[in-house]
>>> print(open('run_25.txt').read())   # compact mmCIF, C-alpha atoms and all ligand atoms
# COMPACT_ATOMS: atom_id res chain seq x y z
CA MET J 1 34.77 33.48 -18.84
CA VAL J 2 31.44 33.57 -20.55
CA THR J 3 32.98 33.75 -24.02
CA LEU J 4 34.96 30.58 -23.52
CA GLU J 5 31.92 28.74 -22.30
CA LEU J 6 29.89 30.03 -25.22
CA THR J 7 32.33 28.86 -27.86
CA MET J 8 32.81 25.46 -26.26
CA ASN J 9 30.10 23.50 -27.95
CA ILE J 10 30.70 24.72 -31.51
CA TYR J 11 32.33 21.89 -33.45
CA LYS J 12 33.85 21.63 -36.91
CA PRO J 13 31.78 19.17 -38.94
CA THR J 14 34.44 16.46 -39.17
CA PRO J 15 33.22 12.89 -39.77
CA THR J 16 33.94 12.09 -36.11
CA ASN J 17 31.95 15.09 -34.85
CA ILE J 18 29.06 14.33 -37.20
CA LYS J 19 29.00 10.76 -35.83
CA ARG J 20 28.91 12.15 -32.29
CA ALA J 21 26.15 14.59 -33.17
CA ALA J 22 24.12 11.75 -34.71
CA GLU J 23 24.61 9.73 -31.56
CA TYR J 24 23.31 12.63 -29.46
CA ILE J 25 20.21 12.84 -31.65
CA ARG J 26 19.60 9.10 -31.34
CA GLN J 27 19.85 9.53 -27.56
CA GLY J 28 17.05 12.10 -27.66
CA LYS J 29 19.26 15.19 -27.33
CA LEU J 30 19.32 18.37 -29.42
CA VAL J 31 21.96 19.30 -31.99
CA ALA J 32 22.11 22.55 -33.95
CA PHE J 33 23.29 22.13 -37.51
CA PRO J 34 23.75 24.27 -40.62
CA THR J 35 21.45 24.15 -43.62
CA GLU J 36 21.59 26.31 -46.74
CA THR J 37 18.75 28.49 -45.34
CA VAL J 38 19.28 28.98 -41.58
CA TYR J 39 20.63 26.85 -38.71
CA GLY J 40 18.24 24.18 -37.45
CA LEU J 41 17.71 22.81 -33.94
CA GLY J 42 17.52 19.08 -34.61
CA ALA J 43 15.96 16.18 -32.75
CA ASP J 44 14.92 12.64 -33.68
CA ALA J 45 11.58 13.24 -35.41
CA LEU J 46 10.27 9.85 -34.31
CA ASN J 47 11.02 10.42 -30.63
CA LYS J 48 8.23 12.37 -28.93
CA SER J 49 10.16 13.46 -25.88
CA ALA J 50 13.11 14.61 -27.96
CA VAL J 51 10.75 16.75 -30.03
CA ALA J 52 9.19 18.08 -26.82
CA ARG J 53 12.66 19.33 -25.87
CA ILE J 54 12.72 21.48 -28.99
CA PHE J 55 9.49 23.22 -27.95
CA GLU J 56 10.86 23.73 -24.45
CA ALA J 57 14.21 25.11 -25.61
CA LYS J 58 12.64 27.52 -28.11
CA MET J 59 9.72 28.41 -25.84
CA ARG J 60 7.63 27.55 -28.84
CA PRO J 61 3.88 27.05 -28.45
CA PHE J 62 2.80 23.48 -29.02
CA PHE J 63 0.40 24.54 -31.77
CA ASP J 64 3.27 25.43 -34.13
CA PRO J 65 4.31 22.36 -36.17
CA ILE J 66 7.92 21.49 -36.96
CA ILE J 67 9.50 20.66 -40.33
CA VAL J 68 11.04 17.22 -40.70
CA HIS J 69 14.34 16.91 -42.61
CA VAL J 70 15.27 13.89 -44.71
CA HIS J 71 18.34 12.86 -46.66
CA ASN J 72 16.64 10.64 -49.22
CA LEU J 73 13.25 9.87 -50.72
CA GLU J 74 12.85 6.69 -48.75
CA GLN J 75 12.67 8.75 -45.55
CA ALA J 76 10.15 11.11 -47.15
CA ASN J 77 8.01 8.13 -48.12
CA LEU J 78 8.06 6.96 -44.52
CA LEU J 79 6.68 10.29 -43.30
CA ALA J 80 4.03 11.00 -45.94
CA ARG J 81 1.01 8.86 -46.62
CA ASP J 82 1.17 9.81 -50.25
CA ILE J 83 3.37 11.99 -52.41
CA ASP J 84 1.07 13.37 -55.08
CA GLU J 85 2.15 14.14 -58.60
CA THR J 86 2.65 17.87 -58.07
CA ALA J 87 4.77 17.22 -55.01
CA ARG J 88 6.81 14.74 -57.02
CA LYS J 89 7.49 17.30 -59.72
CA LEU J 90 8.60 19.82 -57.13
CA ILE J 91 10.81 17.26 -55.42
CA ASP J 92 12.44 16.32 -58.74
CA ARG J 93 13.24 19.91 -59.49
CA PHE J 94 14.04 21.46 -56.09
CA TRP J 95 15.32 18.78 -53.68
CA PRO J 96 17.74 18.95 -52.09
CA GLY J 97 16.95 22.62 -51.61
CA PRO J 98 15.03 25.31 -49.74
CA LEU J 99 11.55 23.90 -50.36
CA THR J 100 9.31 22.35 -47.69
CA LEU J 101 6.34 20.31 -48.86
CA VAL J 102 3.28 19.97 -46.67
CA LEU J 103 1.99 16.43 -47.24
CA GLU J 104 -0.58 14.18 -45.66
CA LYS J 105 1.23 12.54 -42.75
CA SER J 106 1.64 8.84 -42.06
CA ASP J 107 1.08 7.27 -38.63
CA THR J 108 4.84 7.09 -38.15
CA VAL J 109 5.00 10.83 -37.44
CA PRO J 110 4.22 11.66 -33.80
CA ASP J 111 1.45 14.22 -33.33
CA ILE J 112 3.70 16.54 -31.38
CA VAL J 113 5.76 17.12 -34.55
CA THR J 114 2.76 18.30 -36.56
CA ALA J 115 0.92 19.95 -33.65
CA GLY J 116 -1.94 17.56 -34.25
CA LEU J 117 -2.34 18.52 -37.93
CA PRO J 118 -3.03 15.73 -40.43
CA THR J 119 -0.12 17.01 -42.54
CA VAL J 120 3.65 17.07 -42.13
CA GLY J 121 6.19 19.52 -43.54
CA VAL J 122 9.08 17.67 -45.18
CA ARG J 123 12.28 19.00 -46.66
CA MET J 124 15.62 17.74 -47.96
CA PRO J 125 18.19 20.44 -47.19
CA ASP J 126 20.93 21.27 -49.68
CA HIS J 127 23.83 21.23 -47.27
CA PRO J 128 26.50 18.52 -47.02
CA VAL J 129 26.67 18.71 -43.21
CA ALA J 130 22.89 18.51 -42.76
CA LEU J 131 22.63 15.59 -45.19
CA ALA J 132 25.55 13.73 -43.58
CA LEU J 133 24.05 14.25 -40.13
CA ILE J 134 20.62 12.92 -41.12
CA ARG J 135 22.19 9.95 -42.94
CA GLU J 136 24.40 9.16 -39.96
CA THR J 137 21.45 9.48 -37.54
CA GLY J 138 19.44 7.02 -39.59
CA ARG J 139 16.19 8.81 -38.71
CA PRO J 140 14.37 11.83 -40.08
CA VAL J 141 15.37 14.92 -38.14
CA ALA J 142 12.76 17.41 -36.89
CA ALA J 143 14.25 20.89 -36.89
CA PRO J 144 12.84 24.37 -36.59
CA SER J 145 15.15 27.36 -36.97
CA ALA J 146 17.54 27.42 -34.00
CA ASN J 147 16.26 30.58 -32.32
CA ARG J 148 13.86 31.45 -29.53
CA PHE J 149 10.29 31.49 -30.76
CA GLY J 150 9.47 34.68 -32.65
CA SER J 151 13.06 35.96 -32.62
CA LEU J 152 15.63 36.46 -35.37
CA SER J 153 16.68 33.33 -37.22
CA PRO J 154 20.31 32.22 -36.96
CA THR J 155 22.53 32.24 -40.04
CA ARG J 156 25.81 31.70 -38.14
CA PRO J 157 26.77 29.43 -35.22
CA ALA J 158 27.26 32.42 -32.90
CA HIS J 159 23.59 33.38 -33.40
CA VAL J 160 22.56 29.92 -32.20
CA LEU J 161 24.73 30.14 -29.10
CA GLU J 162 23.37 33.55 -28.18
CA GLN J 163 19.81 32.25 -28.01
CA LEU J 164 19.99 28.52 -27.42
CA GLY J 165 23.55 27.61 -26.39
CA PRO J 166 22.77 25.63 -23.23
CA ALA J 167 19.98 23.65 -24.92
CA CYS J 168 22.26 22.16 -27.60
CA SER J 169 24.48 19.20 -26.91
CA MET J 170 26.45 20.34 -29.93
CA VAL J 171 26.45 23.07 -32.57
CA LEU J 172 27.94 21.93 -35.88
CA ASP J 173 29.76 24.81 -37.57
CA GLY J 174 28.96 25.27 -41.24
CA GLY J 175 29.90 28.97 -41.35
CA ALA J 176 27.40 31.45 -42.78
CA CYS J 177 24.26 30.08 -44.47
CA THR J 178 24.29 30.77 -48.20
CA VAL J 179 20.56 31.33 -48.82
CA GLY J 180 19.87 33.14 -45.54
CA VAL J 181 16.05 33.02 -45.49
CA GLU J 182 14.02 29.96 -44.57
CA SER J 183 12.61 27.44 -47.00
CA THR J 184 9.56 28.15 -49.11
CA ILE J 185 6.59 26.18 -47.77
CA VAL J 186 4.16 24.75 -50.30
CA ARG J 187 1.07 22.64 -49.75
CA THR J 188 -0.03 20.33 -52.54
CA GLY J 189 -2.51 17.49 -52.61
CA ARG J 190 -5.62 19.65 -52.82
CA LYS J 191 -7.14 21.25 -55.87
CA LYS J 192 -4.81 24.20 -55.65
CA ILE J 193 -1.12 24.46 -54.92
CA GLU J 194 -0.63 26.87 -52.04
CA LEU J 195 2.31 28.96 -50.95
CA LEU J 196 2.24 29.04 -47.14
CA ARG J 197 5.54 30.86 -46.65
CA PRO J 198 7.72 32.60 -49.24
CA GLY J 199 11.36 31.55 -48.93
CA GLY J 200 14.50 30.40 -50.68
CA ILE J 201 12.72 29.04 -53.78
CA THR J 202 10.98 31.90 -55.54
CA VAL J 203 7.37 31.98 -56.74
CA GLU J 204 8.72 32.46 -60.26
CA GLU J 205 10.72 29.23 -59.95
CA LEU J 206 7.70 27.35 -58.61
CA THR J 207 5.30 28.50 -61.28
CA GLY J 208 7.89 27.54 -63.89
CA VAL J 209 7.39 23.92 -62.80
CA VAL J 210 3.76 23.63 -61.68
CA GLY J 211 1.92 26.55 -63.27
CA GLU J 212 -0.39 28.64 -61.12
CA ILE J 213 -0.01 28.74 -57.36
CA THR J 214 -2.22 30.39 -54.74
CA ILE J 215 -0.52 32.66 -52.25
CA THR J 216 -2.04 31.85 -48.86
CA THR J 217 0.68 33.32 -46.65
CA GLU J 218 -1.22 36.32 -45.39
CA HIS J 219 -4.25 34.36 -44.16
CA ALA J 220 -2.76 31.04 -43.21
CA ILE J 221 -2.98 31.56 -39.48
CA VAL J 222 -5.18 28.59 -38.76
CA GLU J 223 -3.65 26.00 -41.01
CA ALA J 224 -0.04 27.13 -40.75
CA PRO J 225 0.06 28.34 -37.20
CA GLY J 226 3.68 29.41 -37.55
CA GLN J 227 2.50 32.15 -39.84
CA MET J 228 1.87 34.42 -36.87
CA GLU J 229 1.30 38.05 -37.44
CA TRP J 230 4.67 38.94 -35.99
CA HIS J 231 7.74 36.77 -36.12
CA TYR J 232 11.43 36.90 -37.11
CA ALA J 233 11.74 39.92 -34.85
CA PRO J 234 14.76 41.61 -33.30
CA SER J 235 14.34 42.87 -29.74
CA LYS J 236 14.28 46.47 -31.05
CA PRO J 237 11.22 47.83 -32.86
CA VAL J 238 11.47 47.67 -36.64
CA LEU J 239 9.87 50.42 -38.74
CA LEU J 240 9.43 49.52 -42.36
CA THR J 241 9.59 52.32 -44.93
CA ASP J 242 9.57 52.44 -48.73
CA THR J 243 12.96 54.11 -49.03
CA ILE J 244 15.31 55.63 -46.50
CA THR J 245 16.04 59.20 -47.52
CA VAL J 246 18.57 61.80 -46.44
CA LYS J 247 15.82 63.35 -44.28
CA ASP J 248 15.79 60.21 -42.12
CA MET J 249 19.41 60.85 -41.13
CA ASP J 250 18.38 63.30 -38.40
CA LYS J 251 17.27 60.56 -35.99
CA SER J 252 19.82 60.07 -33.24
CA ASP J 253 18.51 56.85 -31.69
CA THR J 254 17.93 54.94 -34.92
CA GLY J 255 19.80 52.21 -36.78
CA TYR J 256 19.33 51.87 -40.54
CA LEU J 257 18.87 48.82 -42.69
CA PHE J 258 19.46 49.84 -46.32
CA TYR J 259 18.63 47.63 -49.27
CA SER J 260 21.49 48.99 -51.38
CA GLU J 261 24.25 51.59 -51.12
CA PRO J 262 22.57 54.95 -50.39
CA GLY J 263 23.35 57.86 -52.69
CA PHE J 264 23.93 60.26 -49.79
CA SER J 265 26.13 60.37 -46.73
CA TYR J 266 24.71 58.27 -43.90
CA HIS J 267 25.58 57.08 -40.38
CA GLU J 268 27.92 54.24 -41.26
CA ASP J 269 28.41 53.27 -37.61
CA ARG J 270 24.74 52.43 -37.18
CA SER J 271 23.79 51.23 -40.65
CA GLU J 272 23.77 47.90 -42.42
CA ILE J 273 23.46 47.43 -46.17
CA LEU J 274 21.81 44.25 -47.43
CA SER J 275 23.53 44.36 -50.80
CA SER J 276 25.53 47.36 -51.98
CA ARG J 277 24.76 46.55 -55.62
CA GLY J 278 21.07 45.84 -54.93
CA ASP J 279 21.16 42.10 -55.56
CA LEU J 280 18.23 40.25 -53.95
CA ARG J 281 20.08 36.96 -53.54
CA GLU J 282 22.90 38.69 -51.67
CA ALA J 283 20.35 40.70 -49.66
CA ALA J 284 18.56 37.51 -48.53
CA ALA J 285 21.84 35.91 -47.49
CA ASN J 286 22.70 38.98 -45.38
CA LEU J 287 19.25 39.75 -43.95
CA PHE J 288 19.39 38.05 -40.55
CA SER J 289 23.08 38.82 -39.93
CA CYS J 290 22.43 42.52 -40.56
CA LEU J 291 19.43 42.46 -38.21
CA HIS J 292 21.44 40.64 -35.53
CA ARG J 293 24.17 43.31 -35.76
CA LEU J 294 21.66 46.18 -35.61
CA ASP J 295 19.98 44.54 -32.64
CA ASP J 296 23.33 44.53 -30.82
CA MET J 297 23.97 48.24 -31.42
CA GLY J 298 23.18 51.00 -28.91
CA ILE J 299 20.10 52.19 -30.78
CA ARG J 300 16.41 52.29 -29.89
CA GLN J 301 14.80 51.33 -33.18
CA ILE J 302 15.59 50.03 -36.64
CA LEU J 303 14.43 51.82 -39.77
CA ALA J 304 14.30 49.23 -42.55
CA GLU J 305 14.05 49.99 -46.23
CA SER J 306 11.76 47.96 -48.49
CA VAL J 307 13.22 45.79 -51.23
CA PRO J 308 11.65 45.05 -54.62
CA GLU J 309 8.99 42.36 -54.16
CA ARG J 310 10.12 39.94 -56.84
CA GLY J 311 12.23 36.79 -56.61
CA LEU J 312 13.76 36.46 -53.15
CA GLY J 313 12.45 39.95 -52.37
CA LEU J 314 9.09 38.38 -51.53
CA ALA J 315 10.64 36.35 -48.69
CA ILE J 316 12.69 39.32 -47.47
CA MET J 317 9.64 41.59 -47.34
CA ASN J 318 7.59 38.88 -45.62
CA ARG J 319 10.23 38.67 -42.85
CA LEU J 320 10.56 42.46 -42.54
CA ARG J 321 6.79 42.96 -42.36
CA LYS J 322 6.45 40.35 -39.65
CA ALA J 323 9.38 41.83 -37.72
CA SER J 324 7.75 45.27 -37.91
CA LYS J 325 4.39 43.96 -36.64
CA LYS J 326 5.89 43.13 -33.26
CA ARG J 327 5.72 46.80 -32.32
CA ASN J 328 1.97 46.53 -32.11
CA HIS J 329 2.10 43.52 -29.83
CA PRO J 330 4.08 44.62 -26.81
CA GLU J 331 2.47 41.99 -24.65
CA GLY J 332 2.38 39.44 -27.47
CA ILE J 333 4.08 36.08 -27.27
CA HIS J 334 6.97 36.48 -24.92
CA ARG J 335 10.62 36.40 -25.87
CA ASP J 336 13.44 36.45 -23.38
O1 LIG O 401 14.52 26.69 -43.91
C1 LIG O 401 13.80 26.19 -43.05
O2 LIG O 401 12.65 25.79 -43.30
C2 LIG O 401 14.37 26.06 -41.64
C3 LIG O 401 15.54 25.07 -41.66
C4 LIG O 401 16.10 24.76 -40.31
O3 LIG O 401 15.15 23.92 -42.35
N1 LIG O 401 13.35 25.65 -40.70
C5 LIG O 401 12.38 26.49 -40.30
O4 LIG O 401 11.55 25.97 -39.33
O5 LIG O 401 12.23 27.60 -40.74
P1 LIG O 401 10.58 26.86 -38.44
O6 LIG O 401 10.04 25.94 -37.42
O7 LIG O 401 11.29 28.04 -37.96
O8 LIG O 401 9.42 27.24 -39.41
C6 LIG O 401 8.63 26.21 -39.89
C7 LIG O 401 7.31 26.71 -40.35
C8 LIG O 401 6.42 27.11 -39.20
O9 LIG O 401 5.89 28.39 -39.49
C9 LIG O 401 5.30 26.07 -39.20
O10 LIG O 401 4.08 26.57 -38.83
C10 LIG O 401 5.32 25.62 -40.64
O11 LIG O 401 6.65 25.64 -41.00
N2 LIG O 401 4.85 24.22 -40.76
C11 LIG O 401 5.47 23.11 -40.33
N3 LIG O 401 4.70 22.03 -40.55
C12 LIG O 401 3.56 22.47 -41.13
C13 LIG O 401 2.35 21.85 -41.57
N4 LIG O 401 2.15 20.55 -41.45
N5 LIG O 401 1.40 22.64 -42.12
C14 LIG O 401 1.58 23.98 -42.23
N6 LIG O 401 2.69 24.63 -41.81
C15 LIG O 401 3.67 23.89 -41.26
MG MG O 402 11.65 29.91 -37.39
>>> encode(input="run_25.txt", output="structure tokens")
Amino acid sequence: MVTLELTMNIYKPTPTNIKRAAEYIRQGKLVAFPTETVYGLGADALNKSAVARIFEAKMRPFFDPIIVHVHNLEQANLLARDIDETARKLIDRFWPGPLTLVLEKSDTVPDIVTAGLPTVGVRMPDHPVALALIRETGRPVAAPSANRFGSLSPTRPAHVLEQLGPACSMVLDGGACTVGVESTIVRTGRKKIELLRPGGITVEELTGVVGEITITTEHAIVEAPGQMEWHYAPSKPVLLTDTITVKDMDKSDTGYLFYSEPGFSYHEDRSEILSSRGDLREAAANLFSCLHRLDDMGIRQILAESVPERGLGLAIMNRLRKASKKRNHPEGIHRD
């Protein structure tokens, strides 16, 4: 009765269940919870051994730092040595929301959280369940995406169970995530404002508030170790193409990820469409669910169509490129 077992630790986010989840976190256990971007695997950020459990459960290398989630500014002030003026502006405009700020860390933050870096990634999620859980816990909550390292991010509770079920004392059910791609990561505090990972807040939105920003994502390997060459990958190889054409329909072992409704007849049984009307916001929200479904189909590879690289399209293309790089790293970092 595997199914029964698998659904057992998904809980509706009632006040009682949120209290229980908070109690688990205070005891050093792991709880998966919804955010507006993807599900997080949460632990008490101030408890070293609890954070170590996250690394163990995800099989995440210790050099990849974890984002800390807060429910108010007081908690952010506890984590960061200083919140500079640019960071303040961004906080005013985008928190709660899908923006992580990389700030100089205070001594309160254990080194394991930041992988020894002098900075800490902080974010206030825009999700009532996440905020209630952090408030109820009374501590900042360290949480990476609730998937095995390098694998597809979870945007529904079932995705969490598939990859990390036994590691979680509880999975709080918030349904499907509305944004669907991870937070944008920005580093301030130096001369330039740097984009370390494109995500739910677009570059256009950022520049509207702070002017010019430097895009560091493609070469951030040393300072943002999570920006590995491949990541966010299904178990099947992903081939990225500009557009999927009718000529591509002759492949028998291939699943298709379309950006929008194709103008020709296609294999509906092994295709997913990110947004039939070609809307980038909808496409982002559907991205990981579509990839999870394709990964579960009886196909050998996934042919993915590019999306326009503006707005949320930048984050979508970043994820698809990284997923497609895995092909070249067969013996790369191991997934189950
Ligand atoms: O939307 C999100 O950000 C989700 C939800 C759960 O909040 N979290 C998430 O965490 O995507 P994760 O661990 O999957 O990705 C966090 C990324 C990693 O690539 C890591 O390297 C980077 O954030 N990061 C964390 N702290 C950092 C720091 N101090 N400096 C540079 N990069 C950092
Ligand atoms: Mg992740």
>>> closest_atom_pairs(input="run_25.txt", of="chain J", to="ligand LIG 401 (chain O)", cutoff="8 Å", atoms="all atoms listed in the file", output="JSON lines")
{"residue": "J:Pro34", "atom": "CA", "partner": "O:LIG401", "partner_atom": "C4", "distance": 7.7}
{"residue": "J:Thr35", "atom": "CA", "partner": "O:LIG401", "partner_atom": "C3", "distance": 6.3}
{"residue": "J:Glu36", "atom": "CA", "partner": "O:LIG401", "partner_atom": "O1", "distance": 7.6}
{"residue": "J:Thr37", "atom": "CA", "partner": "O:LIG401", "partner_atom": "O1", "distance": 4.8}
{"residue": "J:Val38", "atom": "CA", "partner": "O:LIG401", "partner_atom": "C3", "distance": 5.4}
{"residue": "J:Tyr39", "atom": "CA", "partner": "O:LIG401", "partner_atom": "C4", "distance": 5.2}
{"residue": "J:Gly40", "atom": "CA", "partner": "O:LIG401", "partner_atom": "C4", "distance": 3.6}
{"residue": "J:Leu41", "atom": "CA", "partner": "O:LIG401", "partner_atom": "C4", "distance": 6.9}
{"residue": "J:Asp64", "atom": "CA", "partner": "O:LIG401", "partner_atom": "O10", "distance": 4.9}
{"residue": "J:Pro65", "atom": "CA", "partner": "O:LIG401", "partner_atom": "C11", "distance": 4.4}
{"residue": "J:Ile66", "atom": "CA", "partner": "O:LIG401", "partner_atom": "C11", "distance": 4.5}
{"residue": "J:Ile67", "atom": "CA", "partner": "O:LIG401", "partner_atom": "C11", "distance": 4.7}
{"residue": "J:Val68", "atom": "CA", "partner": "O:LIG401", "partner_atom": "N3", "distance": 8.0}
{"residue": "J:His69", "atom": "CA", "partner": "O:LIG401", "partner_atom": "O3", "distance": 7.1}
{"residue": "J:Pro98", "atom": "CA", "partner": "O:LIG401", "partner_atom": "O1", "distance": 6.0}
{"residue": "J:Leu99", "atom": "CA", "partner": "O:LIG401", "partner_atom": "O2", "distance": 7.4}
{"residue": "J:Thr100", "atom": "CA", "partner": "O:LIG401", "partner_atom": "O2", "distance": 6.5}
{"residue": "J:Val102", "atom": "CA", "partner": "O:LIG401", "partner_atom": "N4", "distance": 5.4}
{"residue": "J:Leu103", "atom": "CA", "partner": "O:LIG401", "partner_atom": "N4", "distance": 7.1}
{"residue": "J:Val113", "atom": "CA", "partner": "O:LIG401", "partner_atom": "N3", "distance": 7.8}
{"residue": "J:Thr114", "atom": "CA", "partner": "O:LIG401", "partner_atom": "N4", "distance": 5.4}
{"residue": "J:Ala115", "atom": "CA", "partner": "O:LIG401", "partner_atom": "N4", "distance": 7.9}
{"residue": "J:Leu117", "atom": "CA", "partner": "O:LIG401", "partner_atom": "N4", "distance": 6.1}
{"residue": "J:Pro118", "atom": "CA", "partner": "O:LIG401", "partner_atom": "N4", "distance": 7.1}
{"residue": "J:Thr119", "atom": "CA", "partner": "O:LIG401", "partner_atom": "N4", "distance": 4.3}
{"residue": "J:Val120", "atom": "CA", "partner": "O:LIG401", "partner_atom": "N4", "distance": 3.9}
{"residue": "J:Gly121", "atom": "CA", "partner": "O:LIG401", "partner_atom": "N3", "distance": 4.2}
{"residue": "J:Val122", "atom": "CA", "partner": "O:LIG401", "partner_atom": "N3", "distance": 7.7}
{"residue": "J:Arg123", "atom": "CA", "partner": "O:LIG401", "partner_atom": "O3", "distance": 7.1}
{"residue": "J:Pro125", "atom": "CA", "partner": "O:LIG401", "partner_atom": "O3", "distance": 6.7}
{"residue": "J:Ala143", "atom": "CA", "partner": "O:LIG401", "partner_atom": "C4", "distance": 5.5}
{"residue": "J:Pro144", "atom": "CA", "partner": "O:LIG401", "partner_atom": "O6", "distance": 3.3}
{"residue": "J:Ser145", "atom": "CA", "partner": "O:LIG401", "partner_atom": "O7", "distance": 4.0}
{"residue": "J:Ala146", "atom": "CA", "partner": "O:LIG401", "partner_atom": "C4", "distance": 7.0}
{"residue": "J:Asn147", "atom": "CA", "partner": "O:LIG401", "partner_atom": "O7", "distance": 7.9}
{"residue": "J:Ser153", "atom": "CA", "partner": "O:LIG401", "partner_atom": "O7", "distance": 7.6}
{"residue": "J:Val181", "atom": "CA", "partner": "O:LIG401", "partner_atom": "O1", "distance": 6.7}
{"residue": "J:Glu182", "atom": "CA", "partner": "O:LIG401", "partner_atom": "O1", "distance": 3.4}
{"residue": "J:Ser183", "atom": "CA", "partner": "O:LIG401", "partner_atom": "O1", "distance": 3.7}
{"residue": "J:Thr184", "atom": "CA", "partner": "O:LIG401", "partner_atom": "O2", "distance": 7.0}
{"residue": "J:Ile185", "atom": "CA", "partner": "O:LIG401", "partner_atom": "O11", "distance": 6.8}
{"residue": "J:Arg187", "atom": "CA", "partner": "O:LIG401", "partner_atom": "N5", "distance": 7.6}
{"residue": "J:Leu196", "atom": "CA", "partner": "O:LIG401", "partner_atom": "N6", "distance": 6.9}
{"residue": "J:Arg197", "atom": "CA", "partner": "O:LIG401", "partner_atom": "O9", "distance": 7.6}
{"residue": "J:Gly199", "atom": "CA", "partner": "O:LIG401", "partner_atom": "O1", "distance": 7.7}
{"residue": "J:Gly200", "atom": "CA", "partner": "O:LIG401", "partner_atom": "O1", "distance": 7.7}
{"residue": "J:Glu223", "atom": "CA", "partner": "O:LIG401", "partner_atom": "C14", "distance": 5.7}
{"residue": "J:Ala224", "atom": "CA", "partner": "O:LIG401", "partner_atom": "C14", "distance": 3.8}
{"residue": "J:Pro225", "atom": "CA", "partner": "O:LIG401", "partner_atom": "O10", "distance": 4.7}
{"residue": "J:Gly226", "atom": "CA", "partner": "O:LIG401", "partner_atom": "O9", "distance": 3.1}
{"residue": "J:Gln227", "atom": "CA", "partner": "O:LIG401", "partner_atom": "O9", "distance": 5.1}
{"residue": "J:Met228", "atom": "CA", "partner": "O:LIG401", "partner_atom": "O9", "distance": 7.7}
>>> atom_distance(input="run_25.txt", atom1="atom CA of Gly175 of chain J", atom2="atom CA of Asn9 of chain J")
14.5 Å
>>> atom_distance(input="run_25.txt", atom1="atom CA of Ala285 of chain J", atom2="atom CA of Ser235 of chain J")
20.5 Å
>>> closest_residue(input="run_25.txt", among="J:Ser151, J:Asn77, J:Ser106, J:Gln27", to="ligand MG 402 (chain O)", atoms="only C-alpha atoms and all ligand atoms")
J:Ser151
>>> closest_residue(input="run_25.txt", among="J:Val307, J:Leu152, J:Ala315, J:Ala167", to="His231 of chain J", atoms="only C-alpha atoms")
J:Leu152
>>> closest_residue(input="run_25.txt", among="J:Glu162, J:Thr86, J:Thr155, J:Asn318", to="Leu291 of chain J", atoms="all atoms listed in the file")
J:Thr155
>>> atom_distance(input="run_25.txt", atom1="atom CA of Leu90 of chain J", atom2="atom CA of Thr207 of chain J")
10.2 Å
>>> residues_near_point(input="run_25.txt", point="(12.2, 11.0, -35.3)", cutoff="7 Å", atoms="all atoms listed in the file", output="PyMOL selection string")
chain J and resi 43-47+139-142
>>> residues_near_point(input="run_25.txt", point="(26.6, 15.1, -35.9)", cutoff="12 Å", atoms="only C-alpha atoms", output="VMD selection string")
chain J and resid 10 to 26 29 to 34 41 to 43 128 to 138 141 168 to 174
>>> residues_around(input="run_25.txt", residues="Glu194 of chain J", least_positions_apart="5", cutoff="8 Å", atoms="all atoms listed in the file", output="list in words")
Val186, Arg187, Thr188, Ile213, Thr214, Ile215 and Thr216 of chain J
>>> closest_residue(input="run_25.txt", among="J:Ala283, J:Trp230, J:Glu104, J:Ser306", to="Ile244 of chain J", atoms="only C-alpha atoms")
J:Ser306
>>> closest_residue(input="run_25.txt", among="J:Gly211, J:Gly116, J:Pro154, J:Pro234", to="ligand MG 402 (chain O)", atoms="all atoms listed in the file")
J:Pro154
>>> closest_residue(input="run_25.txt", among="J:Gln163, J:Thr108, J:Leu287, J:Tyr232", to="ligand MG 402 (chain O)", atoms="all atoms listed in the file")
J:Tyr232
>>> decode(input="run_25.txt", residues="segment 72-77 of chain J", atoms="N, CA, C and O atoms", output="PDB file, in the first residue's frame")
ATOM      1  N   ASN J  72       9.125  38.570   9.190  1.00  0.00           N
ATOM      2  CA  ASN J  72       9.114  40.027   9.393  1.00  0.00           C
ATOM      3  C   ASN J  72      10.536  40.585   9.297  1.00  0.00           C
ATOM      4  O   ASN J  72      11.507  39.837   9.202  1.00  0.00           O
ATOM      5  N   LEU J  73      10.611  41.913   9.344  1.00  0.00           N
ATOM      6  CA  LEU J  73      11.927  42.554   9.169  1.00  0.00           C
ATOM      7  C   LEU J  73      12.832  42.346  10.366  1.00  0.00           C
ATOM      8  O   LEU J  73      14.059  42.312  10.237  1.00  0.00           O
ATOM      9  N   GLU J  74      12.219  42.186  11.517  1.00  0.00           N
ATOM     10  CA  GLU J  74      13.019  41.966  12.729  1.00  0.00           C
ATOM     11  C   GLU J  74      13.893  40.713  12.557  1.00  0.00           C
ATOM     12  O   GLU J  74      15.084  40.725  12.879  1.00  0.00           O
ATOM     13  N   GLN J  75      13.288  39.658  12.001  1.00  0.00           N
ATOM     14  CA  GLN J  75      14.067  38.436  11.775  1.00  0.00           C
ATOM     15  C   GLN J  75      15.171  38.666  10.746  1.00  0.00           C
ATOM     16  O   GLN J  75      16.271  38.141  10.880  1.00  0.00           O
ATOM     17  N   ALA J  76      14.878  39.464   9.727  1.00  0.00           N
ATOM     18  CA  ALA J  76      15.903  39.739   8.708  1.00  0.00           C
ATOM     19  C   ALA J  76      17.059  40.506   9.343  1.00  0.00           C
ATOM     20  O   ALA J  76      18.233  40.240   9.063  1.00  0.00           O
ATOM     21  N   ASN J  77      16.734  41.430  10.229  1.00  0.00           N
ATOM     22  CA  ASN J  77      17.770  42.213  10.912  1.00  0.00           C
ATOM     23  C   ASN J  77      18.657  41.352  11.806  1.00  0.00           C
ATOM     24  O   ASN J  77      19.818  41.657  12.033  1.00  0.00           O
TER      25      ASN J  77
END
